[in-house]
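*Asks:* Starting off with a structure, shown below.
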Amino acid sequence: LPGWKIKRSSRKIADQRTEHVVTYAEPSPGLVIRCVATEYHDFPTVEWTLYFKNAGNTDTPIVQNIQALDLRLQRPPGNEYVLHHNRGDSCTPDSFEPLTTELGPGAEEKFAPAGGRSTNGQWPYYHVRWGKVGLIAVVAWPGQWAASFARDQQDSLRIQAGQELTHFTLHAGEEIRTPLVVLQFCRGERLEAQNLWRRWMLSHNVPRTNGAVPDPMFTSCSGGFFPGLKCNEKDELRFIDTFASHGVKLDYWWMDAGWYPCDAWPVVGTWEVDRTRFPRGLRAISDHAHSKGSKLILWFEPERVAPGTWLYEQRSDW
């Protein structure tokens, strides 16, 4: 890196935010690495995203093991590092359970979701405490991420996080990005820090509807009641009517996996309605939900493809 060209710039992008950009470029046209960071002035928060671009005319060498976050904390003697984190969602009673792990000398904890789903079994939000000081670290990636917390034998803790598997070349002109990383620094009690994070999320991240934070959504679905999550039009309508007859007002009726042709729900890749089970298509379900004052959510997962499906057979190059 000492021979690479370095460029830095900053600009104000809002009343409470400043954008900082740092670019590293190879001496001859080739790999360009750009870090775009946002500094928040109303919260002790910073976030950034890394970009890798091939500005040359030939393929890059292999780029691998990218860590969007690689941070070493150093604490004074005394209080030990304690990691507060949560389970992800595994459709089990302990989903989202809060966990506490002490990171003593030599400890190492590694986390990664299952199956490419960002919160499947693991939750990418971490709160490290040492005494009355703390750091909330988040890896934001709607796919397969990984994070590790490695404690040495002295007083430091190394935190690394990013996309779990990176091993690729970039063709000329190609550019990729890494997960978004967010850090929020805090002093005081742990719950004060959690509430500070919550206020930052509400102030700068949650989308508005007509200028207001949207109300929580109340949804339900029939998915868990049928083997393989395979339902049909009659059962969907029956479920909607049962909720309504008991005075349960749903904001959304959720049609989960299994509405497409399949023997079991994971056989995905033919994204069309199973006309045997839904002879009138999904419109019949949608219209009926609307008549009860509910809207419709339709589940699909285009990045997951099973052998024998339309995408697998007709668009294998995708």
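If you're wondering about the labels, chains in the structure tokens are A, B, ... by order shown, residues count from 1 in each chain, ligands from 1 in order shown.
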Excluding same-chain residues fewer than 3 positions from A:Leu135, what lies within 8 Å of it counting only C-alpha atoms, as a list in words?
*Replies:* His127, Val128, Arg129, Leu183, Gln184, Phe185 and Cys186 of chain A
*Asks:* Would you list the contacts of A:His84 as a PyMOL selection string, taking every protein, DNA or RNA residue within 9 Å and counting only C-alpha atoms, but skipping same-chain residues closer than 5 positions in sequence?
*Replies:* chain A and resi 98-102+125-129
*Asks:* Using only all heavy atoms, please write the residues we just selected to a file, as a CSV table (one decimal), in the first residue's frame.
*Replies:*
chain,number,residue,atom,x,y,z
A,98,PRO,N,-31.9,-13.2,24.2
A,98,PRO,CA,-30.7,-12.4,24.5
A,98,PRO,C,-29.6,-13.3,25.2
A,98,PRO,O,-30.0,-14.1,26.1
A,98,PRO,CB,-31.2,-11.3,25.5
A,98,PRO,CG,-32.5,-11.9,26.0
A,98,PRO,CD,-33.0,-12.8,25.0
A,99,LEU,N,-28.4,-13.1,24.8
A,99,LEU,CA,-27.3,-13.9,25.3
A,99,LEU,C,-26.1,-13.0,25.9
A,99,LEU,O,-26.0,-11.9,25.4
A,99,LEU,CB,-26.7,-14.9,24.3
A,99,LEU,CG,-27.7,-15.8,23.6
A,99,LEU,CD1,-27.1,-16.5,22.4
A,99,LEU,CD2,-28.2,-16.8,24.6
A,100,THR,N,-25.4,-13.5,26.8
A,100,THR,CA,-24.3,-12.8,27.4
A,100,THR,C,-23.1,-13.8,27.4
A,100,THR,O,-23.2,-14.9,28.0
A,100,THR,CB,-24.6,-12.3,28.8
A,100,THR,OG1,-25.7,-11.4,28.7
A,100,THR,CG2,-23.4,-11.5,29.3
A,101,THR,N,-21.9,-13.3,26.8
A,101,THR,CA,-20.8,-14.2,26.8
A,101,THR,C,-19.6,-13.4,27.2
A,101,THR,O,-19.3,-12.3,26.7
A,101,THR,CB,-20.5,-14.6,25.3
A,101,THR,OG1,-21.6,-15.3,24.8
A,101,THR,CG2,-19.3,-15.5,25.3
A,102,GLU,N,-18.9,-13.9,28.3
A,102,GLU,CA,-17.7,-13.2,28.7
A,102,GLU,C,-16.5,-13.6,27.9
A,102,GLU,O,-16.3,-14.8,27.6
A,102,GLU,CB,-17.4,-13.5,30.2
A,102,GLU,CG,-16.2,-12.8,30.7
A,102,GLU,CD,-16.0,-12.9,32.2
A,102,GLU,OE1,-16.9,-12.6,33.0
A,102,GLU,OE2,-14.9,-13.3,32.7
A,125,TYR,N,-26.0,-8.1,15.3
A,125,TYR,CA,-25.9,-6.9,16.1
A,125,TYR,C,-25.2,-7.4,17.4
A,125,TYR,O,-25.6,-8.3,18.1
A,125,TYR,CB,-27.3,-6.4,16.5
A,125,TYR,CG,-28.1,-5.8,15.3
A,125,TYR,CD1,-28.6,-6.6,14.3
A,125,TYR,CD2,-28.2,-4.4,15.2
A,125,TYR,CE1,-29.3,-6.1,13.3
A,125,TYR,CE2,-29.0,-3.9,14.1
A,125,TYR,CZ,-29.5,-4.7,13.1
A,125,TYR,OH,-30.2,-4.2,12.1
A,126,TYR,N,-24.1,-6.6,17.7
A,126,TYR,CA,-23.3,-7.0,18.9
A,126,TYR,C,-23.0,-5.8,19.7
A,126,TYR,O,-22.7,-4.7,19.2
A,126,TYR,CB,-22.0,-7.7,18.4
A,126,TYR,CG,-22.2,-8.9,17.6
A,126,TYR,CD1,-22.3,-8.9,16.2
A,126,TYR,CD2,-22.4,-10.1,18.2
A,126,TYR,CE1,-22.6,-10.0,15.5
A,126,TYR,CE2,-22.7,-11.3,17.5
A,126,TYR,CZ,-22.8,-11.2,16.1
A,126,TYR,OH,-23.1,-12.4,15.4
A,127,HIS,N,-23.0,-6.0,21.0
A,127,HIS,CA,-22.7,-5.0,22.0
A,127,HIS,C,-21.6,-5.5,23.0
A,127,HIS,O,-21.9,-6.3,23.8
A,127,HIS,CB,-24.0,-4.6,22.8
A,127,HIS,CG,-23.9,-3.4,23.6
A,127,HIS,ND1,-25.0,-2.8,24.3
A,127,HIS,CD2,-22.9,-2.7,24.0
A,127,HIS,CE1,-24.6,-1.8,25.0
A,127,HIS,NE2,-23.3,-1.7,24.8
A,128,VAL,N,-20.5,-4.9,22.8
A,128,VAL,CA,-19.3,-5.3,23.6
A,128,VAL,C,-19.2,-4.2,24.8
A,128,VAL,O,-19.2,-3.0,24.5
A,128,VAL,CB,-18.0,-5.3,22.8
A,128,VAL,CG1,-16.8,-5.7,23.7
A,128,VAL,CG2,-18.1,-6.2,21.6
A,129,ARG,N,-19.1,-4.8,26.0
A,129,ARG,CA,-19.0,-3.9,27.2
A,129,ARG,C,-17.7,-4.2,27.9
A,129,ARG,O,-17.2,-5.3,28.0
A,129,ARG,CB,-20.1,-4.1,28.1
A,129,ARG,CG,-21.5,-4.0,27.5
A,129,ARG,CD,-21.9,-2.5,27.3
A,129,ARG,NE,-21.9,-1.8,28.6
A,129,ARG,CZ,-22.1,-0.5,28.6
A,129,ARG,NH1,-22.3,0.2,27.5
A,129,ARG,NH2,-22.2,0.1,29.8
*Asks:* Using only C-alpha atoms for the distances, tell me which of A:Phe52, A:Tyr312, A:Trp123, A:Phe226 is nearest to A:Arg87.
*Replies:*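 Of A:Phe52, A:Tyr312, A:Trp123, A:Phe226, the one nearest A:Arg87, counting only C-alpha atoms, is A:Trp123.
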*Asks:* Could you give me the residues within stretch 25-194 of chain A that DSSP places in strand (DSSP E or B), as a ChimeraX atom specification?
*Replies:* /A:25,31-40,45-54,63-64,69-74,81-87,98-103,108-111,122,125-130,133-140,145-151,156-163,167-168,175-177,180-187
*Asks:* Would you pick out the contacts of stretch 248-252 of chain A at 7 Å or less, using only C-alpha atoms, so that residues sharing its chain but fewer than 5 positions from it are not included, and give the list as a list in words?
*Replies:*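 Surrounding residues, per the criterion: Met217, Phe218, Thr219, Phe243, Ser294, Lys295, Leu296 and Ile297 of chain A.
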*Asks:* Go ahead and save the residues from that selection, with all heavy atoms, as a PDB file, in the first residue's frame.
*Replies:*
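File selection-v3.pdb, as written:
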ATOM      1  N   MET A 217     -46.512  -3.769  12.128  1.00  0.00           N
ATOM      2  CA  MET A 217     -47.414  -4.549  11.282  1.00  0.00           C
ATOM      3  C   MET A 217     -47.838  -5.816  12.009  1.00  0.00           C
ATOM      4  O   MET A 217     -47.022  -6.495  12.614  1.00  0.00           O
ATOM      5  CB  MET A 217     -46.731  -4.903   9.967  1.00  0.00           C
ATOM      6  CG  MET A 217     -46.473  -3.729   9.062  1.00  0.00           C
ATOM      7  SD  MET A 217     -45.846  -4.262   7.437  1.00  0.00           S
ATOM      8  CE  MET A 217     -44.280  -4.982   7.886  1.00  0.00           C
ATOM      9  N   PHE A 218     -49.111  -6.126  11.933  1.00  0.00           N
ATOM     10  CA  PHE A 218     -49.663  -7.340  12.530  1.00  0.00           C
ATOM     11  C   PHE A 218     -50.003  -8.299  11.393  1.00  0.00           C
ATOM     12  O   PHE A 218     -50.891  -8.025  10.583  1.00  0.00           O
ATOM     13  CB  PHE A 218     -50.899  -7.000  13.355  1.00  0.00           C
ATOM     14  CG  PHE A 218     -51.459  -8.167  14.134  1.00  0.00           C
ATOM     15  CD1 PHE A 218     -50.645  -9.184  14.597  1.00  0.00           C
ATOM     16  CD2 PHE A 218     -52.810  -8.233  14.413  1.00  0.00           C
ATOM     17  CE1 PHE A 218     -51.148 -10.243  15.313  1.00  0.00           C
ATOM     18  CE2 PHE A 218     -53.336  -9.291  15.142  1.00  0.00           C
ATOM     19  CZ  PHE A 218     -52.505 -10.299  15.588  1.00  0.00           C
ATOM     20  N   THR A 219     -49.264  -9.402  11.305  1.00  0.00           N
ATOM     21  CA  THR A 219     -49.431 -10.335  10.196  1.00  0.00           C
ATOM     22  C   THR A 219     -49.654 -11.748  10.714  1.00  0.00           C
ATOM     23  O   THR A 219     -49.359 -12.064  11.861  1.00  0.00           O
ATOM     24  CB  THR A 219     -48.179 -10.355   9.293  1.00  0.00           C
ATOM     25  OG1 THR A 219     -47.107 -11.015   9.976  1.00  0.00           O
ATOM     26  CG2 THR A 219     -47.752  -8.948   8.923  1.00  0.00           C
ATOM     27  N   PHE A 243     -59.715 -15.851  11.427  1.00  0.00           N
ATOM     28  CA  PHE A 243     -59.185 -14.683  12.128  1.00  0.00           C
ATOM     29  C   PHE A 243     -60.246 -13.586  12.224  1.00  0.00           C
ATOM     30  O   PHE A 243     -60.471 -13.005  13.293  1.00  0.00           O
ATOM     31  CB  PHE A 243     -57.943 -14.148  11.402  1.00  0.00           C
ATOM     32  CG  PHE A 243     -56.669 -14.855  11.763  1.00  0.00           C
ATOM     33  CD1 PHE A 243     -56.112 -15.778  10.902  1.00  0.00           C
ATOM     34  CD2 PHE A 243     -56.028 -14.587  12.965  1.00  0.00           C
ATOM     35  CE1 PHE A 243     -54.926 -16.442  11.230  1.00  0.00           C
ATOM     36  CE2 PHE A 243     -54.844 -15.237  13.303  1.00  0.00           C
ATOM     37  CZ  PHE A 243     -54.295 -16.165  12.432  1.00  0.00           C
ATOM     38  N   SER A 294     -57.446  -6.518   5.088  1.00  0.00           N
ATOM     39  CA  SER A 294     -56.017  -6.860   5.138  1.00  0.00           C
ATOM     40  C   SER A 294     -55.397  -6.729   3.755  1.00  0.00           C
ATOM     41  O   SER A 294     -56.061  -6.921   2.742  1.00  0.00           O
ATOM     42  CB  SER A 294     -55.817  -8.296   5.643  1.00  0.00           C
ATOM     43  OG  SER A 294     -56.401  -8.487   6.911  1.00  0.00           O
ATOM     44  N   LYS A 295     -54.115  -6.425   3.740  1.00  0.00           N
ATOM     45  CA  LYS A 295     -53.345  -6.453   2.503  1.00  0.00           C
ATOM     46  C   LYS A 295     -52.611  -7.789   2.418  1.00  0.00           C
ATOM     47  O   LYS A 295     -52.740  -8.630   3.300  1.00  0.00           O
ATOM     48  CB  LYS A 295     -52.377  -5.269   2.463  1.00  0.00           C
ATOM     49  CG  LYS A 295     -53.082  -3.923   2.441  1.00  0.00           C
ATOM     50  CD  LYS A 295     -52.092  -2.778   2.373  1.00  0.00           C
ATOM     51  CE  LYS A 295     -52.815  -1.436   2.360  1.00  0.00           C
ATOM     52  NZ  LYS A 295     -51.847  -0.298   2.314  1.00  0.00           N
ATOM     53  N   LEU A 296     -51.819  -7.970   1.341  1.00  0.00           N
ATOM     54  CA  LEU A 296     -51.200  -9.265   1.093  1.00  0.00           C
ATOM     55  C   LEU A 296     -49.676  -9.141   1.037  1.00  0.00           C
ATOM     56  O   LEU A 296     -49.146  -8.194   0.447  1.00  0.00           O
ATOM     57  CB  LEU A 296     -51.702  -9.852  -0.237  1.00  0.00           C
ATOM     58  CG  LEU A 296     -51.263 -11.289  -0.528  1.00  0.00           C
ATOM     59  CD1 LEU A 296     -52.092 -12.265   0.284  1.00  0.00           C
ATOM     60  CD2 LEU A 296     -51.385 -11.598  -2.012  1.00  0.00           C
ATOM     61  N   ILE A 297     -48.990 -10.094   1.676  1.00  0.00           N
ATOM     62  CA  ILE A 297     -47.546 -10.267   1.512  1.00  0.00           C
ATOM     63  C   ILE A 297     -47.331 -11.604   0.819  1.00  0.00           C
ATOM     64  O   ILE A 297     -47.887 -12.614   1.232  1.00  0.00           O
ATOM     65  CB  ILE A 297     -46.816 -10.270   2.871  1.00  0.00           C
ATOM     66  CG1 ILE A 297     -46.890  -8.893   3.531  1.00  0.00           C
ATOM     67  CG2 ILE A 297     -45.351 -10.687   2.698  1.00  0.00           C
ATOM     68  CD1 ILE A 297     -46.291  -8.855   4.936  1.00  0.00           C
TER      69      ILE A 297
END
*Asks:* With only C-alpha atoms as the basis for distance, which of A:Pro44, A:Phe168, A:Cys221, A:Asp263 is at the shortest distance from A:Arg187?
*Replies:*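 Of A:Pro44, A:Phe168, A:Cys221, A:Asp263, the one nearest A:Arg187, counting only C-alpha atoms, is A:Pro44.
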*Asks:* Would you please extract all helix (DSSP H, G or I) residues from stretch 52-208 of chain A, as assigned by DSSP on the backbone, and give them as an MDAnalysis selection string?
*Replies:* chainID A and resid 190:204
*Asks:* Show me, as a VMD selection string, the residues that have an atom within 12 Å of A:Arg280 when counting only C-alpha atoms, minus same-chain residues fewer than 5 positions from it.
*Replies:* chain A and resid 232 to 234 273 to 275 285 to 287
*Asks:* Please produce a file of those selected residues containing N, CA and C atoms, as a compact mmCIF listing (two decimals), in the first residue's frame.
*Replies:*
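Listing of part30.txt after writing:
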# COMPACT_ATOMS: atom_id res chain seq x y z
N ASN A 232 -53.64 -24.52 0.13
CA ASN A 232 -54.46 -24.41 -1.07
C ASN A 232 -55.43 -23.25 -0.88
N GLU A 233 -56.17 -22.93 -1.94
CA GLU A 233 -57.07 -21.78 -1.89
C GLU A 233 -58.11 -21.93 -0.79
N LYS A 234 -58.73 -23.09 -0.68
CA LYS A 234 -59.78 -23.29 0.31
C LYS A 234 -59.26 -23.06 1.73
N VAL A 273 -47.76 -19.78 -10.06
CA VAL A 273 -48.75 -20.32 -9.13
C VAL A 273 -49.07 -21.77 -9.47
N ASP A 274 -49.16 -22.60 -8.43
CA ASP A 274 -49.60 -23.99 -8.61
C ASP A 274 -51.11 -23.96 -8.86
N ARG A 275 -51.50 -24.14 -10.11
CA ARG A 275 -52.91 -24.02 -10.49
C ARG A 275 -53.74 -25.20 -9.99
N ILE A 285 -57.09 -15.05 -3.29
CA ILE A 285 -56.65 -14.86 -1.91
C ILE A 285 -56.52 -13.37 -1.61
N SER A 286 -55.89 -12.66 -2.53
CA SER A 286 -55.69 -11.22 -2.33
C SER A 286 -57.01 -10.48 -2.19
N ASP A 287 -57.96 -10.76 -3.09
CA ASP A 287 -59.26 -10.07 -3.02
C ASP A 287 -59.98 -10.39 -1.71
*Asks:* Near A:Ile62, counting only C-alpha atoms, which residues have an atom at most 10 Å away, once you skip same-chain residues fewer than 6 positions from it, shown as a list in words?
*Replies:* Thr166, His167, Phe168, Thr169 and Leu170 of chain A
*Asks:* When you draw a straight line from atom CA of A:His288 to atom CA of A:Gly223, how long is it in Å?
*Replies:* 17.5 Å
*Asks:* Leaving out A:Ser95 and any residue of its chain fewer than 3 positions from it, which residues lie within 12 Å of it when counting only C-alpha atoms, given as a list in words?
*Replies:*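 The residues that qualify are Asn86, Arg87, Gly88, Asp89, Ser90, Cys91, Thr92, Pro98, Leu99, Thr119, Asn120, Gly121, Gln122 and Trp123 of chain A.
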*Asks:* Just N, CA and C atoms for this one: save the residues we selected as a PDB file, in the first residue's frame.
*Replies:*
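Final output, again-v8.pdb:
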ATOM      1  N   ASN A  86     -27.610 -11.822  20.494  1.00  0.00           N
ATOM      2  CA  ASN A  86     -28.899 -12.519  20.433  1.00  0.00           C
ATOM      3  C   ASN A  86     -28.808 -13.706  19.495  1.00  0.00           C
ATOM      4  N   ARG A  87     -29.631 -14.703  19.763  1.00  0.00           N
ATOM      5  CA  ARG A  87     -29.831 -15.730  18.748  1.00  0.00           C
ATOM      6  C   ARG A  87     -30.557 -15.099  17.561  1.00  0.00           C
ATOM      7  N   GLY A  88     -30.408 -15.725  16.416  1.00  0.00           N
ATOM      8  CA  GLY A  88     -31.214 -15.317  15.278  1.00  0.00           C
ATOM      9  C   GLY A  88     -32.569 -16.002  15.323  1.00  0.00           C
ATOM     10  N   ASP A  89     -33.228 -16.042  14.173  1.00  0.00           N
ATOM     11  CA  ASP A  89     -34.547 -16.661  14.096  1.00  0.00           C
ATOM     12  C   ASP A  89     -34.415 -18.025  13.433  1.00  0.00           C
ATOM     13  N   SER A  90     -34.756 -19.069  14.171  1.00  0.00           N
ATOM     14  CA  SER A  90     -34.756 -20.422  13.627  1.00  0.00           C
ATOM     15  C   SER A  90     -36.150 -21.044  13.686  1.00  0.00           C
ATOM     16  N   CYS A  91     -37.180 -20.206  13.825  1.00  0.00           N
ATOM     17  CA  CYS A  91     -38.556 -20.684  13.974  1.00  0.00           C
ATOM     18  C   CYS A  91     -38.658 -21.624  15.174  1.00  0.00           C
ATOM     19  N   THR A  92     -37.975 -21.273  16.246  1.00  0.00           N
ATOM     20  CA  THR A  92     -37.971 -22.059  17.475  1.00  0.00           C
ATOM     21  C   THR A  92     -38.316 -21.141  18.645  1.00  0.00           C
ATOM     22  N   PRO A  98     -31.856 -13.188  24.176  1.00  0.00           N
ATOM     23  CA  PRO A  98     -30.666 -12.413  24.520  1.00  0.00           C
ATOM     24  C   PRO A  98     -29.627 -13.291  25.210  1.00  0.00           C
ATOM     25  N   LEU A  99     -28.361 -13.132  24.813  1.00  0.00           N
ATOM     26  CA  LEU A  99     -27.267 -13.939  25.335  1.00  0.00           C
ATOM     27  C   LEU A  99     -26.149 -13.040  25.853  1.00  0.00           C
ATOM     28  N   THR A 119     -30.365 -13.548   9.043  1.00  0.00           N
ATOM     29  CA  THR A 119     -30.692 -13.698  10.467  1.00  0.00           C
ATOM     30  C   THR A 119     -31.112 -15.122  10.809  1.00  0.00           C
ATOM     31  N   ASN A 120     -30.748 -16.066   9.963  1.00  0.00           N
ATOM     32  CA  ASN A 120     -31.121 -17.466  10.180  1.00  0.00           C
ATOM     33  C   ASN A 120     -30.179 -18.085  11.210  1.00  0.00           C
ATOM     34  N   GLY A 121     -30.608 -18.105  12.460  1.00  0.00           N
ATOM     35  CA  GLY A 121     -29.826 -18.708  13.526  1.00  0.00           C
ATOM     36  C   GLY A 121     -28.885 -17.760  14.239  1.00  0.00           C
ATOM     37  N   GLN A 122     -28.484 -16.674  13.567  1.00  0.00           N
ATOM     38  CA  GLN A 122     -27.590 -15.687  14.181  1.00  0.00           C
ATOM     39  C   GLN A 122     -28.120 -14.286  13.904  1.00  0.00           C
ATOM     40  N   TRP A 123     -27.737 -13.365  14.759  1.00  0.00           N
ATOM     41  CA  TRP A 123     -28.249 -11.993  14.694  1.00  0.00           C
ATOM     42  C   TRP A 123     -27.048 -11.047  14.603  1.00  0.00           C
TER      43      TRP A 123
END
*Asks:* Using only C-alpha atoms, which residues sit within 12 Å of A:Gln16 once same-chain residues fewer than 3 positions away are excluded, as an MDAnalysis selection string?
*Replies:* chainID A and resid 11:13 19 38:46 200 203:204
*Asks:* Produce a file of the selected residues containing all heavy atoms, as a short mmCIF file (atom, residue, chain, number, x, y, z; two decimals), in the first residue's frame.
*Replies:*
data_model
loop_
_atom_site.label_atom_id
_atom_site.label_comp_id
_atom_site.auth_asym_id
_atom_site.auth_seq_id
_atom_site.Cartn_x
_atom_site.Cartn_y
_atom_site.Cartn_z
N ARG A 11 -17.52 15.91 2.68
CA ARG A 11 -18.57 16.86 2.33
C ARG A 11 -19.75 16.67 3.27
O ARG A 11 -20.05 15.56 3.71
CB ARG A 11 -19.02 16.69 0.88
CG ARG A 11 -19.72 15.37 0.59
CD ARG A 11 -20.02 15.20 -0.89
NE ARG A 11 -20.73 13.94 -1.16
CZ ARG A 11 -22.04 13.86 -1.33
NH1 ARG A 11 -22.79 14.97 -1.28
NH2 ARG A 11 -22.63 12.70 -1.56
N LYS A 12 -20.43 17.76 3.55
CA LYS A 12 -21.61 17.70 4.38
C LYS A 12 -22.79 17.26 3.53
O LYS A 12 -23.07 17.85 2.49
CB LYS A 12 -21.88 19.07 5.02
CG LYS A 12 -22.83 19.03 6.19
CD LYS A 12 -22.84 20.36 6.94
CE LYS A 12 -23.71 20.28 8.19
NZ LYS A 12 -23.72 21.56 8.94
N ILE A 13 -23.49 16.22 3.96
CA ILE A 13 -24.60 15.68 3.17
C ILE A 13 -25.94 15.94 3.82
O ILE A 13 -26.98 15.69 3.22
CB ILE A 13 -24.42 14.18 2.90
CG1 ILE A 13 -24.26 13.40 4.20
CG2 ILE A 13 -23.22 13.94 1.99
CD1 ILE A 13 -24.17 11.90 4.01
N GLU A 19 -20.04 13.10 5.00
CA GLU A 19 -19.53 11.94 4.27
C GLU A 19 -18.04 12.10 4.06
O GLU A 19 -17.56 13.13 3.62
CB GLU A 19 -20.24 11.81 2.92
CG GLU A 19 -19.77 10.62 2.10
CD GLU A 19 -20.38 10.61 0.71
OE1 GLU A 19 -19.85 11.34 -0.18
OE2 GLU A 19 -21.37 9.90 0.53
N THR A 38 -19.96 7.57 6.71
CA THR A 38 -20.85 8.63 7.17
C THR A 38 -20.62 8.85 8.65
O THR A 38 -20.72 7.92 9.45
CB THR A 38 -22.32 8.28 6.92
OG1 THR A 38 -22.52 8.08 5.52
CG2 THR A 38 -23.24 9.40 7.41
N GLU A 39 -20.30 10.09 9.00
CA GLU A 39 -20.14 10.50 10.40
C GLU A 39 -21.41 11.21 10.84
O GLU A 39 -21.87 12.14 10.17
CB GLU A 39 -18.94 11.42 10.53
CG GLU A 39 -18.75 12.02 11.91
CD GLU A 39 -17.69 13.11 11.93
OE1 GLU A 39 -17.15 13.45 10.85
OE2 GLU A 39 -17.41 13.62 13.03
N TYR A 40 -21.99 10.77 11.94
CA TYR A 40 -23.20 11.39 12.49
C TYR A 40 -22.80 12.36 13.61
O TYR A 40 -22.03 12.00 14.49
CB TYR A 40 -24.16 10.33 13.01
CG TYR A 40 -24.77 9.50 11.91
CD1 TYR A 40 -24.10 8.38 11.41
CD2 TYR A 40 -25.99 9.84 11.34
CE1 TYR A 40 -24.64 7.62 10.38
CE2 TYR A 40 -26.54 9.08 10.32
CZ TYR A 40 -25.87 7.98 9.84
OH TYR A 40 -26.40 7.23 8.82
N HIS A 41 -23.34 13.57 13.55
CA HIS A 41 -22.99 14.58 14.54
C HIS A 41 -23.95 14.63 15.71
O HIS A 41 -23.61 15.19 16.76
CB HIS A 41 -22.92 15.95 13.86
CG HIS A 41 -21.94 16.00 12.72
ND1 HIS A 41 -20.58 15.88 12.91
CD2 HIS A 41 -22.13 16.12 11.38
CE1 HIS A 41 -19.97 15.95 11.73
NE2 HIS A 41 -20.88 16.09 10.79
N ASP A 42 -25.14 14.06 15.56
CA ASP A 42 -26.10 14.06 16.66
C ASP A 42 -26.09 12.75 17.44
O ASP A 42 -26.80 12.60 18.43
CB ASP A 42 -27.52 14.34 16.14
CG ASP A 42 -27.93 13.44 14.99
OD1 ASP A 42 -27.05 12.79 14.40
OD2 ASP A 42 -29.14 13.39 14.68
N PHE A 43 -25.29 11.78 17.01
CA PHE A 43 -25.13 10.52 17.72
C PHE A 43 -23.66 10.10 17.62
O PHE A 43 -22.99 10.43 16.63
CB PHE A 43 -26.01 9.41 17.11
CG PHE A 43 -27.48 9.59 17.36
CD1 PHE A 43 -28.27 10.32 16.48
CD2 PHE A 43 -28.07 9.02 18.48
CE1 PHE A 43 -29.62 10.49 16.71
CE2 PHE A 43 -29.43 9.18 18.72
CZ PHE A 43 -30.21 9.92 17.84
N PRO A 44 -23.14 9.33 18.58
CA PRO A 44 -21.75 8.86 18.52
C PRO A 44 -21.63 7.65 17.61
O PRO A 44 -21.25 6.55 18.03
CB PRO A 44 -21.44 8.52 19.99
CG PRO A 44 -22.75 8.09 20.55
CD PRO A 44 -23.79 8.95 19.88
N THR A 45 -21.93 7.87 16.34
CA THR A 45 -22.11 6.78 15.40
C THR A 45 -21.36 7.05 14.10
O THR A 45 -21.31 8.19 13.63
CB THR A 45 -23.61 6.58 15.09
OG1 THR A 45 -24.33 6.47 16.31
CG2 THR A 45 -23.83 5.34 14.23
N VAL A 46 -20.78 6.01 13.53
CA VAL A 46 -20.16 6.09 12.21
C VAL A 46 -20.49 4.81 11.46
O VAL A 46 -20.65 3.74 12.06
CB VAL A 46 -18.62 6.28 12.32
CG1 VAL A 46 -17.97 5.09 13.02
CG2 VAL A 46 -18.00 6.51 10.96
N TRP A 200 -31.16 6.36 17.43
CA TRP A 200 -30.46 6.59 16.16
C TRP A 200 -31.17 5.88 15.01
O TRP A 200 -31.34 6.44 13.92
CB TRP A 200 -29.01 6.09 16.26
CG TRP A 200 -28.27 6.17 14.96
CD1 TRP A 200 -27.79 7.29 14.35
CD2 TRP A 200 -27.96 5.07 14.09
NE1 TRP A 200 -27.18 6.95 13.16
CE2 TRP A 200 -27.28 5.60 12.98
CE3 TRP A 200 -28.18 3.70 14.16
CZ2 TRP A 200 -26.82 4.80 11.94
CZ3 TRP A 200 -27.72 2.90 13.11
CH2 TRP A 200 -27.06 3.46 12.02
N SER A 203 -34.23 7.83 14.15
CA SER A 203 -33.94 9.15 13.57
C SER A 203 -33.41 9.07 12.15
O SER A 203 -33.74 9.91 11.31
CB SER A 203 -32.92 9.90 14.45
OG SER A 203 -33.44 10.15 15.73
N HIS A 204 -32.61 8.06 11.85
CA HIS A 204 -31.85 8.08 10.60
C HIS A 204 -32.10 6.88 9.68
O HIS A 204 -31.58 6.88 8.56
CB HIS A 204 -30.35 8.17 10.89
CG HIS A 204 -29.93 9.49 11.48
ND1 HIS A 204 -29.85 10.64 10.72
CD2 HIS A 204 -29.59 9.83 12.75
CE1 HIS A 204 -29.44 11.64 11.49
NE2 HIS A 204 -29.29 11.19 12.72
#
*Asks:* Which one of A:Tyr24, A:Trp197, A:Trp130, A:Tyr260 sits closest to A:Phe300 if you count only C-alpha atoms?
*Replies:*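 For A:Phe300, the nearest of the given residues is A:Tyr260.
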*Asks:* Using only C-alpha atoms, can you tell me which of A:Lys292, A:Arg34, A:Arg315, A:His85 comes closest to A:Lys53?
*Replies:*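 With only C-alpha atoms as the atom set, the closest residue is A:Arg34.
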